[in-house]
Amino acid sequence: MSDEYLSTGFADVDSAKDMDAYVDCLTLLDSLAYYQEYKIKSYELLQLRQGLMVLDAGCGLGDDACRIAKRVLPGGKVIGLDASVTMIEKARAHELATQLPVQFHVGDVNALPFSDNSFARCRIDRVLQHIPQPQKAISELVRVLEPDGLLLAYDNDWGTFSVTSQNVEITRTIENLWCDSFTNNWIGRHLCDHFISCGLSDIKIYPGTCVINDFQTADKVYNLRKTVQKAIAGGMISVSEGRDWIEELIYRTQMGSFMAALTAYTVIGKK
């Protein structure tokens, strides 16, 4: 098992001991039907068309930037930006990176290296949960957005994270420990407030709930085993309580009653 803890490690991937843990997580999420559906919806909400300049802030492995680039042909261009040097190297090595109008740059979303009014569309996906100043990041995205341009943000509300179990107290302990490990654990529900504060108009909110029905996948995405270990180390639960909780979840998967759910929000506004 990797030593990486995904809720905190994504804030500084370049310092990770096991970079593959983050690549594997992003690749897994990108393969899940729920994530594919909300991403396609986000492209539609952005009203992508040929000739547009688009910024994908926190682009990770570059998959979304490449998909968006296909939608702005001909004449358009996509810039993918990420704070991680390693992620940008992976994105530049993407099989489609040299075939599409897309460029990848290392940069800080809190201090974007672009002039005012540079992009017709800006998108930021599951980044704000990891950074300490989400309002500043959104302000920067609005700054580089041209008048009448659209900003779309998607992010999680970890206060809604739930795992089905008969043991209410242990489950609440694990859910809260995982939730509270994020820098901005309720950012999903606050996106609209940030958009309003930055002067955006025509704001629309679209909730979506990801449901995972097997323990192994949920463990890879939500670090369930590792969170149990942290709870034991912190004296929150006993070793036997943690073992029994995991065994119940595995049994539920076998019986078809396992569920881990999380609500997130897509918010879009106009400058």
# chains A, B, ... in the order shown; residues from 1 in each chain; ligands from 1
call {"tool": "select_by_dssp", "arguments": {"residues": "region 9-197 of chain A", "states": "strand (DSSP E)", "output": "count of residues only"}}
result
42
call {"tool": "closest_residue", "arguments": {"among": "A:Leu200, A:Ile246, A:Cys179, A:Ala231", "to": "Leu262 (chain A)", "atoms": "only C-alpha atoms"}}
result
A:Cys179
call {"tool": "residues_around", "arguments": {"residues": "Tyr22 (chain A)", "least_positions_apart": "4", "cutoff": "9 Å", "atoms": "only C-alpha atoms", "output": "number ranges by chain"}}
result
A: 4, 6, 9-10, 13, 16, 18, 26-27
call {"tool": "write_last_selection", "arguments": {"atoms": "C-alpha atoms", "output": "CSV table (one decimal), in the first residue's frame"}}
result
chain,number,residue,atom,x,y,z
A,4,GLU,CA,0.5,8.7,0.2
A,6,LEU,CA,-4.6,11.6,-1.3
A,9,GLY,CA,-0.9,15.0,-1.0
A,10,PHE,CA,-2.5,16.5,-4.1
A,13,VAL,CA,2.4,16.3,-5.8
A,16,ALA,CA,5.3,12.9,-3.1
A,18,ASP,CA,5.0,7.8,-4.7
A,26,LEU,CA,-6.6,10.5,-11.6
A,27,THR,CA,-6.6,7.8,-14.2
call {"tool": "residues_around", "arguments": {"residues": "Glu140 (chain A)", "least_positions_apart": "6", "cutoff": "9 Å", "atoms": "only C-alpha atoms", "output": "ChimeraX atom specification"}}
result
/A:109-112
call {"tool": "select_by_dssp", "arguments": {"residues": "region 33-169 of chain A", "states": "alpha helix (DSSP H)", "output": "PyMOL selection string"}}
result
chain A and resi 33-45+63-71+85-92+134-144+168-169
call {"tool": "closest_residue", "arguments": {"among": "A:Thr217, A:Gln103, A:Ser197, A:Thr209", "to": "Leu29 (chain A)", "atoms": "only C-alpha atoms"}}
result
A:Thr217
call {"tool": "residues_around", "arguments": {"residues": "Gly199 (chain A)", "least_positions_apart": "2", "cutoff": "9 Å", "atoms": "only C-alpha atoms", "output": "compact mmCIF listing (two decimals) with C-alpha atoms, in the first residue's frame"}}
result
# COMPACT_ATOMS: atom_id res chain seq x y z
CA VAL A 142 -11.98 36.12 -13.47
CA HIS A 194 -17.11 33.03 -4.35
CA PHE A 195 -18.53 33.59 -7.82
CA ILE A 196 -20.85 36.30 -6.52
CA SER A 197 -18.00 37.98 -4.62
CA SER A 201 -23.44 37.01 -13.21
CA LYS A 270 -20.37 34.99 -16.77
CA LYS A 271 -17.98 37.92 -16.48
call {"tool": "closest_residue", "arguments": {"among": "A:Ile170, A:Leu177, A:Ala264, A:Ala11", "to": "Arg243 (chain A)", "atoms": "only C-alpha atoms"}}
result
A:Ile170
